[in-house]
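Please read the structure below before turning to the comments.
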Protein chains: 2
Amino acid sequence: MLKLYSFGPAANSLKPLLALHERGIPFESQFLSPAKWEQHSDWFKKINPNGQVPALEHDGKIITESTVICEYLEDVFPDSPRMRPDDLYLRAQMRIWTKWVDEYFCWCVSTIGWHRRIGPLARSLSDAEFEEQVKAIPIYEQKVKWRRAREGFPQEMLDEEMRKIAFSVKKLEARLSESPWLAGPDYTLADICNFAIANGMQMGFSELVNEADTPRLVDWINRVNERPAAKKMFAETPRERLERPPQAATA
Amino acid sequence: MLKLYSFGPAANSLKPLLALHERGIPFESQFLSPAKWEQHSDWFKKINPNGQVPALEHDGKIITESTVICEYLEDVFPDSPRMRPDDLYLRAQMRIWTKWVDEYFCWCVSTIGWHRRIGPLARSLSDAEFEEQVKAIPIYEQKVKWRRAREGFPQEMLDEEMRKIAFSVKKLEARLSESPWLAGPDYTLADICNFAIANGMQMGFSELVNEADTPRLVDWINRVNERPAAKKMFAETPRERLERPPQAATA
C-alpha cells in the first residue's frame, strides 16, 4: 500500500506527487489542509513527528522529506519509467540540482511566500488562537518562522531573500540555455524538484520570471506543465488545493 | 582514474576520503592548502568553478558536493563494500541523515569554526591582502562569510548557532541511544557524513560533547575512529593537514 500525505501540487508536496504521476505508480492521496493546520494535528504528528508534508506511507513504513521520497520511489520501483538518469555522472548532476533546491532555492522563495500569505493568515488570529497553533508546531525553527511571519519579516531579510531569488532565476536560465533539462538531455528528478518551486513564479515573481528576461526558464516551466502527468496531477486535485499552500518550504 | 581534491580528513572533505578508505577503492589524493587559499586559485577553479573542496575527478569528469560524491561512489563501484543499506527503507533513513548534516548540523558547527579560526586568520591580513583574497572567491555567500569572520560574527548569530549545535548534539545522542549506527544496524554514509562534522567536538565543544552528557555520541565517535579505515586515513595524511581546515562547511 502506497499513500501520500501532501498539501497538493505545489512546493515540496508537488515533488513526490508529480514523480508518482510521471511514473504511473498507483497510490492513494490524502490532502491536508494547511489553513486548518492539519500538518500539526495530533493524528498527523503520529505519522510524521516533525509535522511536515509530504510523507509517504509504504507497507506500514513512513518515509519523509520530499527529495528522499523521490529517491525512495526510484529505489523501490526500478521498473517504472525512471526519473533518475542511468548515466551515473548525470545522476550526480541530478543530485546536485535536487540538493541545491533544498538548500538554497526553496528557502528564499518560501520566505517571500510566507511574507505574502502566512503573514496575513497569522495576523487574522487572536493572540490566544495564534499561540495555540504555535504550541502544536514540533520544530523550533518553524515556530520562529510563524512568529516572524506574524510580526513581519525584517526588511533586510526580505531584501536578502529577493537577491537570492534573482540569483536563482539567473542560474536556472543559464543552465536551461545550455541544456534542455537541468541534469542533461532527459527530464529527471532535477526538473521535478526545481519545478516544484519555480512553477507559478511567472505570476508571483513576474518582474524576474518572464518571456523577455528568462525565455528558457518560462519555456521549461511550460514544457513541464504540458506533460500529460502534470496535467493529470493538476486535474485530479480538488479545486481548493490549487492555491499554493502556505508552508512552501516544509520537508 | 580516480582523484580526490580535498583539505584532508576533516569536515566535508572527510566524507569521500573516509568512504574511499572504508570501501578499499584505490585513488589518488591531492590535498589543497586552505591557508594558501588554494581552493580559490585559478587552477582549482578550472576543476570546480565554485572554488570548493572536495571534488572528485573520475575518468576526466568532475563530481562536486561531498554527499553527492559519496552517493556517486556507491553507484559507480557497487561491488566494493557498500556504505548504503540494501534495505530501501533504511537507505531512505540514511539519506535523511546525510541531508540533515548538509542542511543543518554542518552550518552551525561551521560558523563557530570560522569564528574561532578564520576570524584571526582573516584579521592577520592587511586590508589589501584580504580584498585580494575575497576577490578570488566565486560564491557570493562565501565572500560575505569571510567578511563577517574578519569583522567578527554578530553575537546574536553566534548564540543562535550554539543553540543549534546543542540541539544537534542532543539529537545525535538520542538516536545513538536507540540504534548502534545512525541509519540502523549497519555503519553507513549516514555515519560517515555526520562523523565528518562531529569528530573533534569532544575537544572543541567539550561542554556539550563529553562522557557524562553524551556517552553514546562519544562512544560512536570513538567507534568510527577505531575502524581500520579511519586509522589508515588519518595515518596517511600529512601532519600539517590534520588541523581542522578553515572552510568547514564548503561543498
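Every chain in the C-alpha cells takes a letter, A first, then B, and so on in the order presented; its residues are numbered from 1, and the ligands are numbered from 1 following the presented order.
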
Proximal residues of chain A relative to chain B (only C-alpha atoms; 12 Å) as a ChimeraX atom specification = /A:56-78,84-104,107,139-141,160,163-164,167,251

So which residues touch B:Glu132 within 12 Å, counting only C-alpha atoms, skipping near sequence neighbours fewer than 2 positions away, as a ChimeraX atom specification?
-> /B:37,40-41,122,125-130,134-137,143

Save the residues we just selected, all heavy atoms, as a CSV table (one decimal), in the first residue's frame?
chain,number,residue,atom,x,y,z
B,37,TRP,N,44.8,29.5,0.5
B,37,TRP,CA,43.6,29.8,-0.3
B,37,TRP,C,43.6,29.0,-1.7
B,37,TRP,O,43.2,29.5,-2.7
B,37,TRP,CB,43.4,31.3,-0.6
B,37,TRP,CG,42.8,32.0,0.5
B,37,TRP,CD1,41.5,32.2,0.8
B,37,TRP,CD2,43.6,32.7,1.6
B,37,TRP,NE1,41.4,32.9,2.0
B,37,TRP,CE2,42.6,33.2,2.5
B,37,TRP,CE3,44.9,32.9,1.9
B,37,TRP,CZ2,43.0,33.9,3.6
B,37,TRP,CZ3,45.3,33.6,3.0
B,37,TRP,CH2,44.3,34.1,3.9
B,40,HIS,N,40.6,28.7,-4.0
B,40,HIS,CA,40.2,29.8,-4.8
B,40,HIS,C,41.2,30.1,-5.9
B,40,HIS,O,41.1,31.2,-6.6
B,40,HIS,CB,39.9,31.0,-4.0
B,40,HIS,CG,39.0,30.8,-2.8
B,40,HIS,ND1,39.1,31.4,-1.6
B,40,HIS,CD2,37.8,30.1,-2.8
B,40,HIS,CE1,38.1,31.0,-0.8
B,40,HIS,NE2,37.3,30.2,-1.5
B,41,SER,N,42.2,29.3,-6.1
B,41,SER,CA,43.2,29.6,-7.1
B,41,SER,C,42.6,29.3,-8.5
B,41,SER,O,41.7,28.5,-8.7
B,41,SER,CB,44.4,28.7,-6.9
B,41,SER,OG,44.0,27.3,-7.0
B,122,ALA,N,41.8,35.9,9.0
B,122,ALA,CA,41.4,37.0,8.2
B,122,ALA,C,41.9,38.3,8.7
B,122,ALA,O,42.3,39.2,7.9
B,122,ALA,CB,39.9,37.0,8.0
B,125,LEU,N,45.6,39.6,8.0
B,125,LEU,CA,46.0,40.1,6.6
B,125,LEU,C,45.7,41.7,6.6
B,125,LEU,O,44.9,42.2,7.4
B,125,LEU,CB,45.1,39.5,5.6
B,125,LEU,CG,45.1,38.0,5.4
B,125,LEU,CD1,44.1,37.6,4.3
B,125,LEU,CD2,46.5,37.6,5.0
B,126,SER,N,46.5,42.3,5.8
B,126,SER,CA,46.2,43.8,5.5
B,126,SER,C,44.9,43.9,4.8
B,126,SER,O,44.4,42.9,4.2
B,126,SER,CB,47.3,44.4,4.7
B,126,SER,OG,47.3,43.9,3.4
B,127,ASP,N,44.3,45.1,4.8
B,127,ASP,CA,43.1,45.2,4.0
B,127,ASP,C,43.3,44.9,2.6
B,127,ASP,O,42.4,44.2,2.0
B,127,ASP,CB,42.6,46.7,4.1
B,127,ASP,CG,42.1,47.1,5.4
B,127,ASP,OD1,42.0,46.2,6.3
B,127,ASP,OD2,41.7,48.3,5.6
B,128,ALA,N,44.4,45.3,2.0
B,128,ALA,CA,44.6,45.0,0.6
B,128,ALA,C,44.8,43.5,0.3
B,128,ALA,O,44.2,43.0,-0.6
B,128,ALA,CB,45.9,45.7,0.1
B,129,GLU,N,45.5,42.8,1.2
B,129,GLU,CA,45.7,41.4,1.0
B,129,GLU,C,44.3,40.6,1.2
B,129,GLU,O,44.0,39.7,0.4
B,129,GLU,CB,46.6,40.8,2.1
B,129,GLU,CG,48.1,41.1,1.9
B,129,GLU,CD,48.9,40.8,3.1
B,129,GLU,OE1,48.4,40.9,4.3
B,129,GLU,OE2,50.1,40.5,3.0
B,130,PHE,N,43.5,41.1,2.1
B,130,PHE,CA,42.2,40.5,2.4
B,130,PHE,C,41.3,40.7,1.2
B,130,PHE,O,40.7,39.7,0.7
B,130,PHE,CB,41.6,41.0,3.6
B,130,PHE,CG,40.2,40.4,3.9
B,130,PHE,CD1,40.1,39.1,4.5
B,130,PHE,CD2,39.1,41.1,3.7
B,130,PHE,CE1,38.9,38.6,4.7
B,130,PHE,CE2,37.8,40.6,4.0
B,130,PHE,CZ,37.7,39.3,4.5
B,134,VAL,N,39.4,37.9,-1.2
B,134,VAL,CA,38.0,37.9,-1.3
B,134,VAL,C,37.6,37.9,-2.8
B,134,VAL,O,36.6,37.3,-3.2
B,134,VAL,CB,37.3,39.0,-0.5
B,134,VAL,CG1,35.8,39.1,-0.8
B,134,VAL,CG2,37.5,38.7,1.0
B,135,LYS,N,38.3,38.7,-3.5
B,135,LYS,CA,38.0,38.9,-5.0
B,135,LYS,C,38.1,37.6,-5.7
B,135,LYS,O,37.3,37.4,-6.7
B,135,LYS,CB,39.1,39.8,-5.6
B,135,LYS,CG,38.6,40.6,-6.8
B,135,LYS,CD,39.7,41.3,-7.6
B,135,LYS,CE,40.5,42.3,-6.8
B,135,LYS,NZ,41.7,42.8,-7.6
B,136,ALA,N,38.9,36.6,-5.2
B,136,ALA,CA,39.0,35.3,-5.9
B,136,ALA,C,37.9,34.3,-5.5
B,136,ALA,O,37.9,33.3,-6.2
B,136,ALA,CB,40.4,34.8,-5.6
B,137,ILE,N,37.1,34.7,-4.6
B,137,ILE,CA,36.1,33.7,-4.1
B,137,ILE,C,34.9,33.8,-5.1
B,137,ILE,O,34.3,34.9,-5.3
B,137,ILE,CB,35.6,34.1,-2.7
B,137,ILE,CG1,36.8,34.0,-1.7
B,137,ILE,CG2,34.5,33.1,-2.2
B,137,ILE,CD1,36.4,34.5,-0.3
B,143,LYS,N,32.0,35.0,0.2
B,143,LYS,CA,32.6,36.3,0.3
B,143,LYS,C,32.1,37.0,1.6
B,143,LYS,O,32.8,37.5,2.4
B,143,LYS,CB,32.3,37.2,-0.9
B,143,LYS,CG,33.0,36.9,-2.2
B,143,LYS,CD,32.6,38.0,-3.2
B,143,LYS,CE,32.9,37.5,-4.6
B,143,LYS,NZ,34.3,38.0,-5.1

Would you kindly return, as an mmCIF file with C-alpha atoms, in the first residue's frame, each protein, DNA or RNA residue with an atom no farther than 7 Å from any atom of B:Glu161, considering only C-alpha atoms and excluding same-chain residues fewer than 4 positions away?
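Printed below is selection_0.cif as written:
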data_model
loop_
_atom_site.group_PDB
_atom_site.id
_atom_site.type_symbol
_atom_site.label_atom_id
_atom_site.label_comp_id
_atom_site.auth_asym_id
_atom_site.auth_seq_id
_atom_site.Cartn_x
_atom_site.Cartn_y
_atom_site.Cartn_z
ATOM 1 C CA CYS B 108 26.127 25.775 12.864
ATOM 2 C CA MET B 157 24.328 34.868 15.320
ATOM 3 C CA ILE B 165 24.783 22.830 17.948
#

Which neighbours of A:Arg216 fall inside 12 Å, counting only C-alpha atoms, when residues of the same chain fewer than 5 positions from it are skipped, and could you give them as a PDB file with all heavy atoms, in the first residue's frame?
ATOM      1  N   VAL A 169      17.045  32.504 -10.250  1.00  0.00           N
ATOM      2  CA  VAL A 169      16.381  32.592 -11.557  1.00  0.00           C
ATOM      3  C   VAL A 169      17.427  32.678 -12.673  1.00  0.00           C
ATOM      4  O   VAL A 169      17.332  32.005 -13.704  1.00  0.00           O
ATOM      5  CB  VAL A 169      15.424  33.805 -11.558  1.00  0.00           C
ATOM      6  CG1 VAL A 169      15.019  34.194 -12.969  1.00  0.00           C
ATOM      7  CG2 VAL A 169      14.195  33.504 -10.694  1.00  0.00           C
ATOM      8  N   LYS A 170      18.465  33.480 -12.447  1.00  0.00           N
ATOM      9  CA  LYS A 170      19.537  33.608 -13.448  1.00  0.00           C
ATOM     10  C   LYS A 170      20.287  32.296 -13.627  1.00  0.00           C
ATOM     11  O   LYS A 170      20.665  31.926 -14.735  1.00  0.00           O
ATOM     12  CB  LYS A 170      20.527  34.703 -13.033  1.00  0.00           C
ATOM     13  CG  LYS A 170      20.068  36.077 -13.444  1.00  0.00           C
ATOM     14  CD  LYS A 170      21.138  37.125 -13.155  1.00  0.00           C
ATOM     15  CE  LYS A 170      20.511  38.503 -13.177  1.00  0.00           C
ATOM     16  NZ  LYS A 170      21.148  39.426 -12.264  1.00  0.00           N
ATOM     17  N   LYS A 171      20.491  31.611 -12.523  1.00  0.00           N
ATOM     18  CA  LYS A 171      21.196  30.329 -12.571  1.00  0.00           C
ATOM     19  C   LYS A 171      20.389  29.302 -13.390  1.00  0.00           C
ATOM     20  O   LYS A 171      20.945  28.577 -14.228  1.00  0.00           O
ATOM     21  CB  LYS A 171      21.404  29.828 -11.132  1.00  0.00           C
ATOM     22  CG  LYS A 171      22.180  28.530 -10.983  1.00  0.00           C
ATOM     23  CD  LYS A 171      22.260  28.159  -9.490  1.00  0.00           C
ATOM     24  CE  LYS A 171      22.602  26.699  -9.298  1.00  0.00           C
ATOM     25  NZ  LYS A 171      24.047  26.459  -9.111  1.00  0.00           N
ATOM     26  N   LEU A 172      19.094  29.251 -13.150  1.00  0.00           N
ATOM     27  CA  LEU A 172      18.233  28.326 -13.897  1.00  0.00           C
ATOM     28  C   LEU A 172      18.203  28.701 -15.378  1.00  0.00           C
ATOM     29  O   LEU A 172      18.311  27.840 -16.256  1.00  0.00           O
ATOM     30  CB  LEU A 172      16.813  28.322 -13.310  1.00  0.00           C
ATOM     31  CG  LEU A 172      16.666  27.656 -11.938  1.00  0.00           C
ATOM     32  CD1 LEU A 172      15.326  28.016 -11.299  1.00  0.00           C
ATOM     33  CD2 LEU A 172      16.795  26.130 -12.046  1.00  0.00           C
ATOM     34  N   GLU A 173      18.061  29.992 -15.659  1.00  0.00           N
ATOM     35  CA  GLU A 173      18.026  30.448 -17.048  1.00  0.00           C
ATOM     36  C   GLU A 173      19.330  30.080 -17.774  1.00  0.00           C
ATOM     37  O   GLU A 173      19.297  29.592 -18.902  1.00  0.00           O
ATOM     38  CB  GLU A 173      17.800  31.968 -17.086  1.00  0.00           C
ATOM     39  CG  GLU A 173      17.776  32.592 -18.473  1.00  0.00           C
ATOM     40  CD  GLU A 173      16.561  32.193 -19.317  1.00  0.00           C
ATOM     41  OE1 GLU A 173      15.595  31.643 -18.756  1.00  0.00           O
ATOM     42  OE2 GLU A 173      16.594  32.441 -20.543  1.00  0.00           O
ATOM     43  N   ALA A 174      20.447  30.285 -17.089  1.00  0.00           N
ATOM     44  CA  ALA A 174      21.748  29.971 -17.704  1.00  0.00           C
ATOM     45  C   ALA A 174      21.852  28.481 -17.998  1.00  0.00           C
ATOM     46  O   ALA A 174      22.277  28.072 -19.076  1.00  0.00           O
ATOM     47  CB  ALA A 174      22.881  30.419 -16.779  1.00  0.00           C
ATOM     48  N   ARG A 175      21.437  27.666 -17.054  1.00  0.00           N
ATOM     49  CA  ARG A 175      21.523  26.221 -17.257  1.00  0.00           C
ATOM     50  C   ARG A 175      20.618  25.769 -18.395  1.00  0.00           C
ATOM     51  O   ARG A 175      21.007  24.945 -19.227  1.00  0.00           O
ATOM     52  CB  ARG A 175      21.142  25.496 -15.950  1.00  0.00           C
ATOM     53  CG  ARG A 175      21.102  23.992 -16.053  1.00  0.00           C
ATOM     54  CD  ARG A 175      22.440  23.412 -16.484  1.00  0.00           C
ATOM     55  NE  ARG A 175      22.389  21.964 -16.640  1.00  0.00           N
ATOM     56  CZ  ARG A 175      23.214  21.266 -17.422  1.00  0.00           C
ATOM     57  NH1 ARG A 175      24.173  21.867 -18.092  1.00  0.00           N
ATOM     58  NH2 ARG A 175      23.106  19.962 -17.499  1.00  0.00           N
ATOM     59  N   LEU A 176      19.414  26.326 -18.433  1.00  0.00           N
ATOM     60  CA  LEU A 176      18.450  25.911 -19.453  1.00  0.00           C
ATOM     61  C   LEU A 176      18.782  26.501 -20.829  1.00  0.00           C
ATOM     62  O   LEU A 176      18.193  26.110 -21.833  1.00  0.00           O
ATOM     63  CB  LEU A 176      17.031  26.277 -19.018  1.00  0.00           C
ATOM     64  CG  LEU A 176      16.553  25.465 -17.791  1.00  0.00           C
ATOM     65  CD1 LEU A 176      15.322  26.090 -17.155  1.00  0.00           C
ATOM     66  CD2 LEU A 176      16.279  23.998 -18.156  1.00  0.00           C
ATOM     67  N   SER A 177      19.747  27.406 -20.873  1.00  0.00           N
ATOM     68  CA  SER A 177      20.224  27.913 -22.158  1.00  0.00           C
ATOM     69  C   SER A 177      21.247  26.968 -22.774  1.00  0.00           C
ATOM     70  O   SER A 177      21.539  27.048 -23.956  1.00  0.00           O
ATOM     71  CB  SER A 177      20.866  29.293 -21.983  1.00  0.00           C
ATOM     72  OG  SER A 177      19.927  30.178 -21.447  1.00  0.00           O
ATOM     73  N   GLU A 178      21.802  26.085 -21.938  1.00  0.00           N
ATOM     74  CA  GLU A 178      22.802  25.152 -22.464  1.00  0.00           C
ATOM     75  C   GLU A 178      22.310  23.707 -22.493  1.00  0.00           C
ATOM     76  O   GLU A 178      22.974  22.839 -23.044  1.00  0.00           O
ATOM     77  CB  GLU A 178      24.102  25.240 -21.643  1.00  0.00           C
ATOM     78  CG  GLU A 178      23.919  24.860 -20.182  1.00  0.00           C
ATOM     79  CD  GLU A 178      25.167  25.038 -19.316  1.00  0.00           C
ATOM     80  OE1 GLU A 178      26.052  25.830 -19.687  1.00  0.00           O
ATOM     81  OE2 GLU A 178      25.235  24.370 -18.259  1.00  0.00           O
ATOM     82  N   SER A 179      21.171  23.438 -21.866  1.00  0.00           N
ATOM     83  CA  SER A 179      20.682  22.069 -21.763  1.00  0.00           C
ATOM     84  C   SER A 179      19.157  22.076 -21.746  1.00  0.00           C
ATOM     85  O   SER A 179      18.546  22.949 -21.125  1.00  0.00           O
ATOM     86  CB  SER A 179      21.218  21.463 -20.452  1.00  0.00           C
ATOM     87  OG  SER A 179      20.674  20.170 -20.245  1.00  0.00           O
ATOM     88  N   PRO A 180      18.518  21.122 -22.434  1.00  0.00           N
ATOM     89  CA  PRO A 180      17.048  21.130 -22.456  1.00  0.00           C
ATOM     90  C   PRO A 180      16.436  20.879 -21.081  1.00  0.00           C
ATOM     91  O   PRO A 180      15.384  21.408 -20.759  1.00  0.00           O
ATOM     92  CB  PRO A 180      16.701  19.992 -23.426  1.00  0.00           C
ATOM     93  CG  PRO A 180      17.912  19.116 -23.463  1.00  0.00           C
ATOM     94  CD  PRO A 180      19.080  20.012 -23.220  1.00  0.00           C
ATOM     95  N   TRP A 181      17.104  20.050 -20.283  1.00  0.00           N
ATOM     96  CA  TRP A 181      16.632  19.764 -18.937  1.00  0.00           C
ATOM     97  C   TRP A 181      17.791  20.004 -17.966  1.00  0.00           C
ATOM     98  O   TRP A 181      18.952  20.057 -18.373  1.00  0.00           O
ATOM     99  CB  TRP A 181      16.117  18.312 -18.830  1.00  0.00           C
ATOM    100  CG  TRP A 181      14.988  18.029 -19.774  1.00  0.00           C
ATOM    101  CD1 TRP A 181      15.065  17.338 -20.949  1.00  0.00           C
ATOM    102  CD2 TRP A 181      13.618  18.455 -19.649  1.00  0.00           C
ATOM    103  NE1 TRP A 181      13.829  17.298 -21.557  1.00  0.00           N
ATOM    104  CE2 TRP A 181      12.926  17.975 -20.786  1.00  0.00           C
ATOM    105  CE3 TRP A 181      12.913  19.190 -18.686  1.00  0.00           C
ATOM    106  CZ2 TRP A 181      11.561  18.205 -20.986  1.00  0.00           C
ATOM    107  CZ3 TRP A 181      11.556  19.417 -18.883  1.00  0.00           C
ATOM    108  CH2 TRP A 181      10.894  18.931 -20.007  1.00  0.00           C
ATOM    109  N   LEU A 182      17.495  20.133 -16.673  1.00  0.00           N
ATOM    110  CA  LEU A 182      18.533  20.593 -15.745  1.00  0.00           C
ATOM    111  C   LEU A 182      19.715  19.639 -15.620  1.00  0.00           C
ATOM    112  O   LEU A 182      20.855  20.062 -15.515  1.00  0.00           O
ATOM    113  CB  LEU A 182      17.925  20.871 -14.355  1.00  0.00           C
ATOM    114  CG  LEU A 182      17.001  22.099 -14.304  1.00  0.00           C
ATOM    115  CD1 LEU A 182      16.332  22.214 -12.937  1.00  0.00           C
ATOM    116  CD2 LEU A 182      17.762  23.381 -14.616  1.00  0.00           C
ATOM    117  N   VAL A 209      10.722  36.512 -13.614  1.00  0.00           N
ATOM    118  CA  VAL A 209      10.474  35.372 -14.499  1.00  0.00           C
ATOM    119  C   VAL A 209       9.452  35.779 -15.554  1.00  0.00           C
ATOM    120  O   VAL A 209       8.257  35.892 -15.259  1.00  0.00           O
ATOM    121  CB  VAL A 209       9.974  34.147 -13.686  1.00  0.00           C
ATOM    122  CG1 VAL A 209       9.717  32.966 -14.614  1.00  0.00           C
ATOM    123  CG2 VAL A 209      10.980  33.766 -12.598  1.00  0.00           C
ATOM    124  N   ASN A 210       9.922  36.045 -16.748  1.00  0.00           N
ATOM    125  CA  ASN A 210       9.030  36.470 -17.835  1.00  0.00           C
ATOM    126  C   ASN A 210       9.683  36.169 -19.179  1.00  0.00           C
ATOM    127  O   ASN A 210      10.865  35.890 -19.271  1.00  0.00           O
ATOM    128  CB  ASN A 210       8.701  37.960 -17.685  1.00  0.00           C
ATOM    129  CG  ASN A 210       9.960  38.815 -17.637  1.00  0.00           C
ATOM    130  OD1 ASN A 210      10.724  38.867 -18.609  1.00  0.00           O
ATOM    131  ND2 ASN A 210      10.216  39.468 -16.502  1.00  0.00           N
ATOM    132  N   GLU A 211       8.868  36.247 -20.217  1.00  0.00           N
ATOM    133  CA  GLU A 211       9.316  35.890 -21.578  1.00  0.00           C
ATOM    134  C   GLU A 211      10.535  36.690 -22.031  1.00  0.00           C
ATOM    135  O   GLU A 211      11.394  36.174 -22.741  1.00  0.00           O
ATOM    136  CB  GLU A 211       8.175  36.147 -22.593  1.00  0.00           C
ATOM    137  CG  GLU A 211       6.984  35.224 -22.467  1.00  0.00           C
ATOM    138  CD  GLU A 211       7.233  33.856 -23.111  1.00  0.00           C
ATOM    139  OE1 GLU A 211       8.333  33.632 -23.636  1.00  0.00           O
ATOM    140  OE2 GLU A 211       6.301  33.016 -23.058  1.00  0.00           O
ATOM    141  N   ILE A 221       9.229  25.793 -17.733  1.00  0.00           N
ATOM    142  CA  ILE A 221       8.030  25.700 -16.869  1.00  0.00           C
ATOM    143  C   ILE A 221       6.833  25.246 -17.711  1.00  0.00           C
ATOM    144  O   ILE A 221       6.065  24.366 -17.306  1.00  0.00           O
ATOM    145  CB  ILE A 221       7.740  27.061 -16.182  1.00  0.00           C
ATOM    146  CG1 ILE A 221       8.826  27.395 -15.145  1.00  0.00           C
ATOM    147  CG2 ILE A 221       6.362  27.046 -15.509  1.00  0.00           C
ATOM    148  CD1 ILE A 221       8.724  28.798 -14.546  1.00  0.00           C
ATOM    149  N   ASN A 222       6.703  25.836 -18.911  1.00  0.00           N
ATOM    150  CA  ASN A 222       5.590  25.448 -19.797  1.00  0.00           C
ATOM    151  C   ASN A 222       5.708  23.990 -20.229  1.00  0.00           C
ATOM    152  O   ASN A 222       4.717  23.268 -20.268  1.00  0.00           O
ATOM    153  CB  ASN A 222       5.553  26.353 -21.027  1.00  0.00           C
ATOM    154  CG  ASN A 222       5.122  27.772 -20.673  1.00  0.00           C
ATOM    155  OD1 ASN A 222       4.523  27.999 -19.610  1.00  0.00           O
ATOM    156  ND2 ASN A 222       5.435  28.718 -21.535  1.00  0.00           N
ATOM    157  N   ARG A 223       6.940  23.570 -20.574  1.00  0.00           N
ATOM    158  CA  ARG A 223       7.126  22.191 -21.039  1.00  0.00           C
ATOM    159  C   ARG A 223       6.738  21.187 -19.959  1.00  0.00           C
ATOM    160  O   ARG A 223       6.169  20.139 -20.243  1.00  0.00           O
ATOM    161  CB  ARG A 223       8.577  21.962 -21.474  1.00  0.00           C
ATOM    162  CG  ARG A 223       8.830  22.384 -22.919  1.00  0.00           C
ATOM    163  CD  ARG A 223      10.250  22.040 -23.342  1.00  0.00           C
ATOM    164  NE  ARG A 223      11.237  22.910 -22.741  1.00  0.00           N
ATOM    165  CZ  ARG A 223      12.383  22.520 -22.203  1.00  0.00           C
ATOM    166  NH1 ARG A 223      12.702  21.233 -22.164  1.00  0.00           N
ATOM    167  NH2 ARG A 223      13.222  23.400 -21.694  1.00  0.00           N
TER     168      ARG A 223
END

Calculate how many Å separate atom CA of A:Ala149 from atom CA of A:Leu121, rounding to one decimal.
->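 About the pair atom CA of A:Ala149 and atom CA of A:Leu121: they are 9.1 Å apart.
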
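Atom CA of B:Leu17 sits 7.3 Å away from atom CA of B:Met233.
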